[in-house]
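S.K.: Input: one structure, supplied below.
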There are 2 protein chains.
Amino acid sequence: MKKDSAHNKAKVHFEPGNVDIVVERGANLLQAAIDASVHITASCGGAGVCGTCKVLIKAGEVESTRTEKLSDQEWEQGLRQACQSKVLSDLTVHVPVESRLEKAVLTREAKGTQETVATGWGFNPLLSKYYVELPPPTLEDNASDLSRLLRGLKQRYRLSNMTVDFEVVKKLPQALRDSDWKVTVTTLVTAVKPKATDLRRPRLINVEPRDTRGKHYSLAIDIGTTTVSGQLLDLNHGQVIAEGIDYNGQISYGQDVISRIAYCQKGGCPKLQEVVVATINGIIRQMLDESGVNVQHIGHLAVAGNTTMMQILLGLDPKYIRLAPYTPAATFIPPVKAAPLGIELGEHVYLFTFPLMASYIGGDINAGVIGAGVHQRKTLTYYIDIGTNGEIVVGNSDWMVAAACSAGPAFEGGGIKHGMVATSGAIEDFDINPSNLEPVIGTIGGEKPKGICGSGLINIIAGLLESGVIGQNGKFNTDLSTKRVRKGREGHEYVLAWAAETQTGKDIVITEADIDNLMRAKAAMYAGCQTLASSVGMSCSDLEQVIIAGAFGSHLNIEKGITIGLFPDIPRDRFTFIGNGSLLGARLTSFSTDLLDDARSVARMITNFELSDNADFMKNYVAALFLPHTHADEFPSVKEKLAKLQKNKPKQRTTV
Amino acid sequence: MKKDSAHNKAKVHFEPGNVDIVVERGANLLQAAIDASVHITASCGGAGVCGTCKVLIKAGEVESTRTEKLSDQEWEQGLRQACQSKVLSDLTVHVPVESRLEKAVLTREAKGTQETVATGWGFNPLLSKYYVELPPPTLEDNASDLSRLLRGLKQRYRLSNMTVDFEVVKKLPQALRDSDWKVTVTTLVTAVKPKATDLRRPRLINVEPRDTRGKHYSLAIDIGTTTVSGQLLDLNHGQVIAEGIDYNGQISYGQDVISRIAYCQKGGCPKLQEVVVATINGIIRQMLDESGVNVQHIGHLAVAGNTTMMQILLGLDPKYIRLAPYTPAATFIPPVKAAPLGIELGEHVYLFTFPLMASYIGGDINAGVIGAGVHQRKTLTYYIDIGTNGEIVVGNSDWMVAAACSAGPAFEGGGIKHGMVATSGAIEDFDINPSNLEPVIGTIGGEKPKGICGSGLINIIAGLLESGVIGQNGKFNTDLSTKRVRKGREGHEYVLAWAAETQTGKDIVITEADIDNLMRAKAAMYAGCQTLASSVGMSCSDLEQVIIAGAFGSHLNIEKGITIGLFPDIPRDRFTFIGNGSLLGARLTSFSTDLLDDARSVARMITNFELSDNADFMKNYVAALFLPHTHADEFPSVKEKLAKLQKNKPKQRTTV
């Protein structure tokens with residue numbers, strides 16, 4: 001096997017990513033792809049039995065073992081299993097879409113409908129790991145440790161023109177000598193995409209002894225006003241490997257962003273920063289425990305949140321957000337290290353924040369729009385994020401308008417007597433027996449009920465309306481012969497579960513005040529949609545697609561949402577519920593630098609619409625304070641359904 | 001004066017810097033230049049009486065008052081005094097070399113000889129200040145504060161594609177609102193020069209309320225193993241406005257770099273970092289007190305030092321510097337903030353370090369070579385930095401070789417019984433009356449003597465040699481009839497000043513051990529020069545220029561340096577002494593981004609030569625342990641002089 005060392009190397013060029021790597025002749029092609037950070041699906045781990053790693057050899061020579069996974073036709077075309085191929089010469093290798101990793105991720109994301117999730121992006125995470133074996137220094141070649149490392153990265157991976165973090169210089173001498181000059185570096189894309197002709201300038205943020213490429217993780221976190229959700233991402237396999245959720249610790253200091261800002265104005269910003277960081281740290285610990293991942297292997301943190309949440313997290317006093325003309329400190333926040341903020345991650349970890357497009361249209365909406373792929377389609381889309389604030393976007397790949405509706409926290413269980421976030425024990429499903437007005441409830445996880453989550457609330461109010469327990473004004477019908485409707489301390493209420501049936505040992509009820517809260521929240525959302533649509537000369541019925549994001553459980557019932565007047569009364573097949581859109585965007589952007597670029601373009605493209613001083617909005621809002629709406633013709637199918645139900649009204653009812 | 005506002009602006013283009021600025025029509029042209037950071041000399045401050053701000057109007061129209069400072073010919077050519085001119089239309093303005101600020105700086109630097117200081121650089125500091133008046137936000141234009149600032153900087157100064165420090169975002173909202181949306185920003189060039197077609201990407205590092213352009217300072221600091229020197233620079237006028245010097249606090253932990261590294265190996269690195277930072281802080285305070293400058297107006301810190309000093313300052317353990325094959329942690333150290341290192345400067349201040357070219361060829365040599373302009377000339381130059389280590393460079397604009405000579409700290413007064421740094425009270429001048437061997441001494445500042453500085457030592461030893469008080473082997477002639485030569489506790493010594501004449505109240509002496517120390521130091525330097533020269537096939541006599549840098553006082557006597565065999569015996573007009581070359585380079589580089597680029601190219605170009613295991617060097621060193629040299633023919637003029645003196649030997653002498 002002795003060879004002339006000058007002829008011992010071969011350059012492999014991978015398409016369509018146009019990534020080059022120089023390897024020893026005879027090297028395994030799948031390994032070369034892994035070394036070059038070209039992500040090829042290899043379900044069986046390189047044993048040759050799954051056939052998922054097929055690549056097309058466009059130029060050059062490989063020595064390949066043929067298995068039954070390749071048809072005669074494929075073999076003729078030049079397709080080979082990467083794991084079964086040795087590099088014999090310089091190669092040009094095309095990785096077909098079905099072998100690229102992004103497809104596997106996408107399929108999982110899309111939950112059956114690729115129309116509501118960003119598509120067409122390459123799997124090219126912001127964060128990359130590269131392993132190099134360096135020649136030890138000699139008296140003839142005693143370049144500095146960093147020069148040696150950069151030279152190695154250039155030779156092996158053609159990486160050049162890098163920005164180096166000072167902390168890498170600090171760790172480097174020991175790391176090199178602890179590992180016999182074999183180290184793994186981590187790079188991060190922090191800058192906006194330069195002109196097409198220029199290469200990105202990656203930032204060298206970490207160095208570790210030996211080959212740690214197998215341990216390559218990042219975090220995506222959504223900071224909601226009410227809840228904080230996180231996902232731990234495996235960047236080698238494009239997978240979510242753990243999830244965590246908790247209430248935002250700031251809840252004790254005010255339920256909505258306005259009360260949080262008010263608290264900051266009294267000097268409370270550092271306190272609020274501290275408590276949300278504690279929440280984040282708790283979620284990170286949850287996920288580390290669940291996955292067994294070492295915190296030092298987390299290399300990046302993508303955080304989406306509304307403008308107030310992000311400014312508080314970063315220690316940027318949010319007071320001017322509340323004062324006209326409502327300006328955030330910055331749209332694009334520069335990269336900032338996570339550890340100095342108190343976040344318990346390695347010192348090398350940068351926190352990426354999504355662009356804050358306006359004071360009340362934050363990075364959560366930017367992430368959501370990107371995650372849902374609104375910017376990729378011509379379809380006229382209504383993107384609705386039902387959180388504490390309630391933000392909406394109308395638009396498509398050419399234009400977008402956005403507004404915040406000040407809906408309040410009802411959809412996240414806030415301001416609701418027995419409200420709670422969508423976790424186990426939350427009442428999510430609700431039906432009512434029209435003959436005796438007894439409820440049929442379903443909880444998340446099937447446990448005994450603990451409270452009511454947002455999607456549960458929608459189902460309950462729709463059910464109570466359809467069964468005549470409440471009227472279209474949201475008030476209880478008090479003449480019904482059922483013990484479920486009773487007068488509580490705070491007015492009338494309906495008992496969803498008796499004390500004996502609950503986890504809390506107390507009755508779980510929905511009160512008239514709860515219903516009123518939800519009606520105001522849904523009225524704000526619907527009025528916002530009407531106002532945005534009419535601002536571009538359209539009406540709600542023109543919407544071709546409705547993408548609903550929010551911290552709901554998995555059973556959001558669109559039909560019931562329409563029944564109470566939250567969503568426009570248009571064909572049901574135009575609706576999709578994508579869950580936490582902000583978290584989705586944070587995750588997909590962590591997997592794809594292309595989508596990061598998109599996030600920046602969308603931030604520049606979107607037009608913010610101030611509803612707070614808009615007369616149309618106020619008119620629309622007042623009209624929407626009814627179930628489903630004062631103008632019944634806005635909701636023709638609901639009008640028809642309620643009329644039908646009224647005919648079949650239960651005998652127990654004496655008045656309607 | 002009412003005008004159509006659309007036609008109210010004019011664009012002024014300044015050559016040769018190719019800087020554009022848009023101003024109101026009618027604006028003063030000198031003010032426009034100041035706003036555009038085009039540095040024009042205006043000695044009288046714009047009163048029109050000095051005539052230094054002459055510019056050539058190449059295109060466009062100005063309204064200009066003519067003073068007697070402009071000749072008829074100049075007026076015809078289109079020359080105008082910038083301070084006396086109003087902008088009437090778009091202009092192209094050429095700033096002649098004599099009106100550019102760099103000339104004023106250069107002349108001062110050069111001390112009469114422009115051949116030994118870098119020339120031809122533009123006055124374009126790394127650090128710039130820009131003042132903008134922004135339109136306050138409205139509901140129609142409620143862009144984020146940062147977007148508004150960047151938009152303003154782009155419109156006013158065509159600045160774009162900037163990197164923004166997070167701290168700027170943090171300060172910005174308050175700064176804008178405290179100053180009625182009128183702020184001054186500070187930018188810094190941190191990156192290497194990109195391809196010729198690309199613009200540099202400045203980093204926005206600070207924002208201050210109102211117009212603070214008048215307060216625009218930076219620091220240049222040289223960290224020597226023995227002494228630390230600093231200069232406070234006014235970046236508006238290219239001037240040094242205060243200087244400070246002190247012993248490096250690390251002296252108590254070892255005199256040379258090897259003993260400092262040894263201390264680090266015992267875990268002492270944080271301690272050494274702490275004490276040198278304390279020294280730096282003391283010098284900064286000295287300079288602030290002297291100048292009355294507010295520390296917040298210092299925006300940058302350029303530090304040059306040898307590799308060990310720089311690594312310790314930055315907290316990079318220097319242990320591998322001492323171990324073969326002697327590798328520094330990094331050649332190019334990334335930008336690092338000064339405050340986290342303990343340096344008492346504003347949070348926005350970055351510390352710039354000069355490239356560490358090898359373990360024993362540090363940023364001080366890089367800075368010195370740049371400051372002296374060695375890289376700009378074809379002249380074969382010998383650059384010699386006489387500090388604790390003793391580094392030398394031989395080369396020109398095409399190539400350079402460098403070596404460290406391990407000379408020890410004798411030239412800085414280290415290891416010398418009454419040695420001291422070159423400050424007031426140090427004996428610097430020395431002459432001896434050959435008839436009675438009584439000394440004539442001169443001290444820095446003319447004070448009573450306190451000790452002996454490096455240049456004093458050279459003068460003293462040369463004088464003692466020429467007068468026969470010591471022999472060519474450096475030993476005292478003990479048969480002389482003078483009380484000045486006596487046997488002290490540590491062997492023979494010569495009394496330079498009696499106790500009654502000194503500040504210390506004790507005799508100041510030079511001992512045989514001191515002379516031995518200095519002989520070893522000078523032998524190492526000379527042997528290094530011989531070895532480097534012969535490595536490129538030359539000898540010391542081929543050197544066309546000798547540039548001597550070092551922490552000497554201002555009276556280094558080259559002739560005496562040749563007499564003792566420190567410098568080669570070549571024509572005296574080839575020698576120049578430039579003082580602290582490292583500090584000179586740090587200062588000039590602060591004034592000129594061009595020179596910063598040069599510093600990087602020189603670091604790449606220079607070849608390091610290891611003397612420690614070089615047999616030639618050892619042979620040369622041993623031969624040089626004589627005054628001036630064992631091979632007398634190496635020093636023909638000294639040989640001749642000593643022979644002549646021997647003939648006229650004083651009567652008191654009984655043996656030689």
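Just remember, in the structure tokens the first chain shown is A, the second B, etc., residues are 1-based per chain, and ligands are 1-based in the order shown.
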Excluding segment 580-583 of chain A and residues on its chain fewer than 6 positions from it, collect all residues at most 6 Å away from it, counting only C-alpha atoms, and give them as a list in words.

M.R.: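 Everything that qualifies: Asp222, Asp364, Ala367, Gly368, Ala549, Gly550 and Ala551 of chain A.
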
S.K.: Take the selection from the previous step and output its residues with N, CA, C and O atoms, as a short mmCIF file (atom, residue, chain, number, x, y, z; two decimals), in the first residue's frame.

M.R.:
```
data_model
loop_
_atom_site.label_atom_id
_atom_site.label_comp_id
_atom_site.auth_asym_id
_atom_site.auth_seq_id
_atom_site.Cartn_x
_atom_site.Cartn_y
_atom_site.Cartn_z
N ASP A 222 -38.24 29.85 22.69
CA ASP A 222 -39.25 30.89 22.48
C ASP A 222 -39.60 31.47 23.83
O ASP A 222 -40.02 30.74 24.73
N ASP A 364 -40.50 36.92 17.61
CA ASP A 364 -41.33 35.72 17.57
C ASP A 364 -42.14 35.66 16.28
O ASP A 364 -42.31 34.60 15.68
N ALA A 367 -39.72 34.94 13.38
CA ALA A 367 -39.41 33.50 13.35
C ALA A 367 -40.59 32.69 12.84
O ALA A 367 -40.45 31.78 12.03
N GLY A 368 -41.79 33.06 13.29
CA GLY A 368 -42.98 32.31 12.91
C GLY A 368 -43.26 32.40 11.42
O GLY A 368 -43.57 31.40 10.77
N ALA A 549 -50.66 29.97 14.81
CA ALA A 549 -49.58 29.59 15.71
C ALA A 549 -50.00 29.97 17.11
O ALA A 549 -50.79 30.87 17.32
N GLY A 550 -49.46 29.27 18.09
CA GLY A 550 -49.78 29.63 19.46
C GLY A 550 -49.41 28.51 20.39
O GLY A 550 -49.13 27.39 19.97
N ALA A 551 -49.41 28.83 21.66
CA ALA A 551 -49.01 27.85 22.66
C ALA A 551 -50.17 26.95 23.05
O ALA A 551 -50.35 26.61 24.21
#
```

S.K.: Taking only C-alpha atoms into account, produce a table as JSON lines in which each residue of chain A with an atom at most 8 Å from an atom of chain B appears once, together with its shortest atom pair and the distance in Å to one decimal, ordered by chain and rising number.

M.R.:
```
{"residue": "A:Pro137", "atom": "CA", "partner": "B:Pro325", "partner_atom": "CA", "distance": 6.5}
{"residue": "A:Thr138", "atom": "CA", "partner": "B:Pro325", "partner_atom": "CA", "distance": 5.4}
{"residue": "A:Leu139", "atom": "CA", "partner": "B:Pro325", "partner_atom": "CA", "distance": 4.9}
{"residue": "A:Asn142", "atom": "CA", "partner": "B:Thr327", "partner_atom": "CA", "distance": 5.6}
{"residue": "A:Ala143", "atom": "CA", "partner": "B:Thr327", "partner_atom": "CA", "distance": 6.2}
{"residue": "A:Ser144", "atom": "CA", "partner": "B:Pro328", "partner_atom": "CA", "distance": 4.8}
{"residue": "A:Asp145", "atom": "CA", "partner": "B:Ala329", "partner_atom": "CA", "distance": 5.0}
{"residue": "A:Leu146", "atom": "CA", "partner": "B:Ala330", "partner_atom": "CA", "distance": 4.7}
{"residue": "A:Ser147", "atom": "CA", "partner": "B:Ala330", "partner_atom": "CA", "distance": 6.4}
{"residue": "A:Thr163", "atom": "CA", "partner": "B:Pro334", "partner_atom": "CA", "distance": 7.8}
{"residue": "A:Val164", "atom": "CA", "partner": "B:Pro334", "partner_atom": "CA", "distance": 6.2}
{"residue": "A:Asp165", "atom": "CA", "partner": "B:Pro334", "partner_atom": "CA", "distance": 6.5}
{"residue": "A:Phe166", "atom": "CA", "partner": "B:Pro334", "partner_atom": "CA", "distance": 5.6}
{"residue": "A:Val169", "atom": "CA", "partner": "B:Ala329", "partner_atom": "CA", "distance": 6.5}
{"residue": "A:Lys170", "atom": "CA", "partner": "B:Leu316", "partner_atom": "CA", "distance": 5.6}
{"residue": "A:Leu172", "atom": "CA", "partner": "B:Ala329", "partner_atom": "CA", "distance": 7.3}
{"residue": "A:Pro173", "atom": "CA", "partner": "B:Ala329", "partner_atom": "CA", "distance": 6.0}
{"residue": "A:Gly315", "atom": "CA", "partner": "B:Lys170", "partner_atom": "CA", "distance": 7.5}
{"residue": "A:Leu316", "atom": "CA", "partner": "B:Lys170", "partner_atom": "CA", "distance": 5.6}
{"residue": "A:Tyr320", "atom": "CA", "partner": "B:Pro173", "partner_atom": "CA", "distance": 8.0}
{"residue": "A:Ala324", "atom": "CA", "partner": "B:Leu139", "partner_atom": "CA", "distance": 7.2}
{"residue": "A:Pro325", "atom": "CA", "partner": "B:Leu139", "partner_atom": "CA", "distance": 4.9}
{"residue": "A:Tyr326", "atom": "CA", "partner": "B:Asn142", "partner_atom": "CA", "distance": 6.6}
{"residue": "A:Thr327", "atom": "CA", "partner": "B:Ser144", "partner_atom": "CA", "distance": 5.1}
{"residue": "A:Pro328", "atom": "CA", "partner": "B:Ser144", "partner_atom": "CA", "distance": 4.8}
{"residue": "A:Ala329", "atom": "CA", "partner": "B:Asp145", "partner_atom": "CA", "distance": 5.0}
{"residue": "A:Ala330", "atom": "CA", "partner": "B:Leu146", "partner_atom": "CA", "distance": 4.7}
{"residue": "A:Thr331", "atom": "CA", "partner": "B:Ser144", "partner_atom": "CA", "distance": 5.8}
{"residue": "A:Ile333", "atom": "CA", "partner": "B:Phe166", "partner_atom": "CA", "distance": 7.2}
{"residue": "A:Pro334", "atom": "CA", "partner": "B:Phe166", "partner_atom": "CA", "distance": 5.6}
{"residue": "A:Pro335", "atom": "CA", "partner": "B:Phe166", "partner_atom": "CA", "distance": 7.2}
{"residue": "A:Val336", "atom": "CA", "partner": "B:Phe166", "partner_atom": "CA", "distance": 6.7}
{"residue": "A:Ala358", "atom": "CA", "partner": "B:Ser144", "partner_atom": "CA", "distance": 7.1}
```

S.K.: Could you please take those selected residues and save N, CA and C atoms as a compact mmCIF listing (two decimals), in the first residue's frame?

M.R.:
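Writing the result to out.txt gives the following:
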```txt
# COMPACT_ATOMS: atom_id res chain seq x y z
N PRO A 137 4.52 21.19 16.13
CA PRO A 137 5.55 22.17 15.74
C PRO A 137 6.95 21.57 15.87
N THR A 138 7.85 22.11 15.08
CA THR A 138 9.27 21.74 15.17
C THR A 138 10.05 23.05 15.16
N LEU A 139 11.35 22.96 15.38
CA LEU A 139 12.14 24.20 15.34
C LEU A 139 12.10 24.83 13.95
N ASN A 142 7.88 26.51 13.65
CA ASN A 142 7.32 26.86 14.95
C ASN A 142 6.36 28.04 14.86
N ALA A 143 5.47 27.96 13.89
CA ALA A 143 4.39 28.96 13.78
C ALA A 143 3.59 28.95 15.08
N SER A 144 2.89 30.04 15.33
CA SER A 144 2.08 30.11 16.55
C SER A 144 0.97 29.07 16.48
N ASP A 145 0.45 28.72 17.65
CA ASP A 145 -0.59 27.69 17.72
C ASP A 145 -1.78 28.06 16.84
N LEU A 146 -2.19 29.31 16.91
CA LEU A 146 -3.36 29.72 16.13
C LEU A 146 -3.05 29.69 14.63
N SER A 147 -1.87 30.15 14.24
CA SER A 147 -1.50 30.10 12.82
C SER A 147 -1.53 28.65 12.32
N THR A 163 -13.02 35.02 11.44
CA THR A 163 -12.89 35.85 12.63
C THR A 163 -12.68 34.89 13.81
N VAL A 164 -11.71 35.19 14.66
CA VAL A 164 -11.40 34.28 15.75
C VAL A 164 -11.76 34.92 17.08
N ASP A 165 -12.54 34.23 17.89
CA ASP A 165 -12.83 34.75 19.21
C ASP A 165 -11.61 34.61 20.10
N PHE A 166 -11.40 35.63 20.92
CA PHE A 166 -10.22 35.63 21.79
C PHE A 166 -10.20 34.40 22.70
N VAL A 169 -8.23 31.55 21.40
CA VAL A 169 -6.78 31.70 21.57
C VAL A 169 -6.39 31.27 22.98
N LYS A 170 -7.25 31.58 23.93
CA LYS A 170 -6.96 31.27 25.32
C LYS A 170 -6.96 29.75 25.59
N LEU A 172 -6.60 27.39 23.24
CA LEU A 172 -5.95 26.62 22.18
C LEU A 172 -4.66 25.90 22.60
N PRO A 173 -3.69 26.60 23.23
CA PRO A 173 -2.41 25.92 23.51
C PRO A 173 -2.62 24.61 24.30
N GLY A 315 -31.27 43.12 28.69
CA GLY A 315 -30.95 44.26 29.55
C GLY A 315 -31.14 45.60 28.87
N LEU A 316 -31.96 45.65 27.83
CA LEU A 316 -32.25 46.90 27.14
C LEU A 316 -33.59 47.42 27.67
N TYR A 320 -39.25 52.79 26.25
CA TYR A 320 -39.69 53.56 25.08
C TYR A 320 -40.64 52.77 24.18
N ALA A 324 -45.37 56.61 22.85
CA ALA A 324 -45.43 56.99 21.45
C ALA A 324 -44.14 57.71 21.10
N PRO A 325 -43.57 57.52 19.91
CA PRO A 325 -44.08 56.69 18.81
C PRO A 325 -43.58 55.24 18.83
N TYR A 326 -43.39 54.68 20.00
CA TYR A 326 -43.17 53.23 20.14
C TYR A 326 -41.98 52.71 19.34
N THR A 327 -40.77 53.09 19.76
CA THR A 327 -39.60 52.61 19.03
C THR A 327 -38.83 51.58 19.85
N PRO A 328 -38.52 50.44 19.25
CA PRO A 328 -37.60 49.50 19.91
C PRO A 328 -36.17 50.06 19.84
N ALA A 329 -35.29 49.49 20.66
CA ALA A 329 -33.89 49.96 20.67
C ALA A 329 -33.20 49.64 19.35
N ALA A 330 -33.46 48.45 18.82
CA ALA A 330 -32.79 48.04 17.59
C ALA A 330 -33.64 46.99 16.89
N THR A 331 -33.58 46.98 15.59
CA THR A 331 -34.26 45.94 14.84
C THR A 331 -33.38 44.69 14.82
N ILE A 333 -30.35 42.94 16.46
CA ILE A 333 -29.50 42.97 17.65
C ILE A 333 -28.18 42.28 17.31
N PRO A 334 -27.05 42.92 17.61
CA PRO A 334 -25.77 42.27 17.31
C PRO A 334 -25.62 40.98 18.13
N PRO A 335 -24.74 40.09 17.68
CA PRO A 335 -24.51 38.85 18.45
C PRO A 335 -24.06 39.19 19.86
N VAL A 336 -24.54 38.42 20.82
CA VAL A 336 -24.18 38.69 22.20
C VAL A 336 -23.93 37.35 22.88
N ALA A 358 -40.83 45.80 15.14
CA ALA A 358 -41.44 47.01 15.69
C ALA A 358 -41.64 46.75 17.18
```

S.K.: Residues of segment 394-558 of chain B classed as helix (DSSP H, G or I) by DSSP on the backbone are to be reported as a PyMOL selection string.

M.R.: chain B and resi 409-412+444-446+454-466+499-501+512-535+540-542+558

S.K.: Determine, counting only C-alpha atoms, which protein, DNA and RNA residues have an atom within 6 Å of an atom of Arg377 of chain B; residues of the same chain fewer than 3 positions away are not included. Present the result as a ChimeraX atom specification.

M.R.: /B:374,396-397

S.K.: Give the answer as one residue: which of B:Asn306, B:Asn294, B:Gln503, B:Ser229 has the shortest atom-to-atom distance to Arg587 of chain B, using only C-alpha atoms?

M.R.: B:Ser229

S.K.: Please report the interatomic distance between atom CA of Ala426 of chain A and atom CA of Gly387 of chain A in Å with one decimal.

M.R.: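 Computing the Euclidean distance for atom CA of Ala426 of chain A and atom CA of Gly387 of chain A yields 17.0 Å.
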
S.K.: Using only C-alpha atoms, which residues sit within 9 Å of Leu150 of chain B once same-chain residues fewer than 4 positions away are excluded, as a list of chain:residue names?

M.R.: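 The neighbour list is B:Asp145, B:Leu146, B:Lys154, B:Gln155, B:Leu159, B:Ser160, B:Met162.
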
S.K.: Just write the chosen residues, N, CA, C and O atoms, as a compact mmCIF listing (two decimals), in the first residue's frame.

M.R.:
```txt
# COMPACT_ATOMS: atom_id res chain seq x y z
N ASP B 145 -34.34 52.65 17.19
CA ASP B 145 -33.32 53.66 17.43
C ASP B 145 -32.04 53.37 16.64
O ASP B 145 -31.45 54.27 16.04
N LEU B 146 -31.65 52.12 16.62
CA LEU B 146 -30.42 51.78 15.91
C LEU B 146 -30.58 51.95 14.40
O LEU B 146 -29.69 52.47 13.73
N LYS B 154 -25.47 56.72 7.26
CA LYS B 154 -25.34 56.41 5.84
C LYS B 154 -25.61 57.67 5.00
O LYS B 154 -24.86 57.97 4.07
N GLN B 155 -26.68 58.39 5.37
CA GLN B 155 -27.02 59.59 4.61
C GLN B 155 -25.94 60.66 4.73
O GLN B 155 -25.54 61.29 3.75
N LEU B 159 -21.50 55.99 5.48
CA LEU B 159 -21.02 54.83 6.24
C LEU B 159 -22.05 53.73 6.11
O LEU B 159 -23.24 53.97 6.32
N SER B 160 -21.62 52.54 5.78
CA SER B 160 -22.58 51.44 5.75
C SER B 160 -21.88 50.15 6.07
O SER B 160 -20.67 50.11 6.25
N MET B 162 -21.78 48.39 8.71
CA MET B 162 -21.02 48.43 9.95
C MET B 162 -21.36 47.24 10.85
O MET B 162 -22.47 46.75 10.85
```

S.K.: Just to confirm, what's the straight-line distance from atom CA of Gln376 of chain B to atom CA of Phe354 of chain B in Å (one decimal)?

M.R.: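 It comes out at 18.1 Å.
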
S.K.: Based on DSSP run over this structure's backbone, return all residues of segment 392-532 of chain B in strand (DSSP E), as a ChimeraX atom specification.

M.R.: /B:392-395,400-404,426-432,439-443,451-452,485-488,491-497,508-511

S.K.: Quick check, in Å to one decimal: how far apart do atom CA of Val49 of chain B and atom CA of Ala82 of chain B lie?

M.R.: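 So the two atoms, atom CA of Val49 of chain B and atom CA of Ala82 of chain B, lie 11.8 Å apart.
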
S.K.: Counting only C-alpha atoms, what is within 12 Å of Gly414 of chain B, bar same-chain residues fewer than 5 positions away, as a ChimeraX atom specification?

M.R.: /B:225-227,247-248,251-252,254-256,387-389,407-409,419-422,451-454,457,514,517-518,521
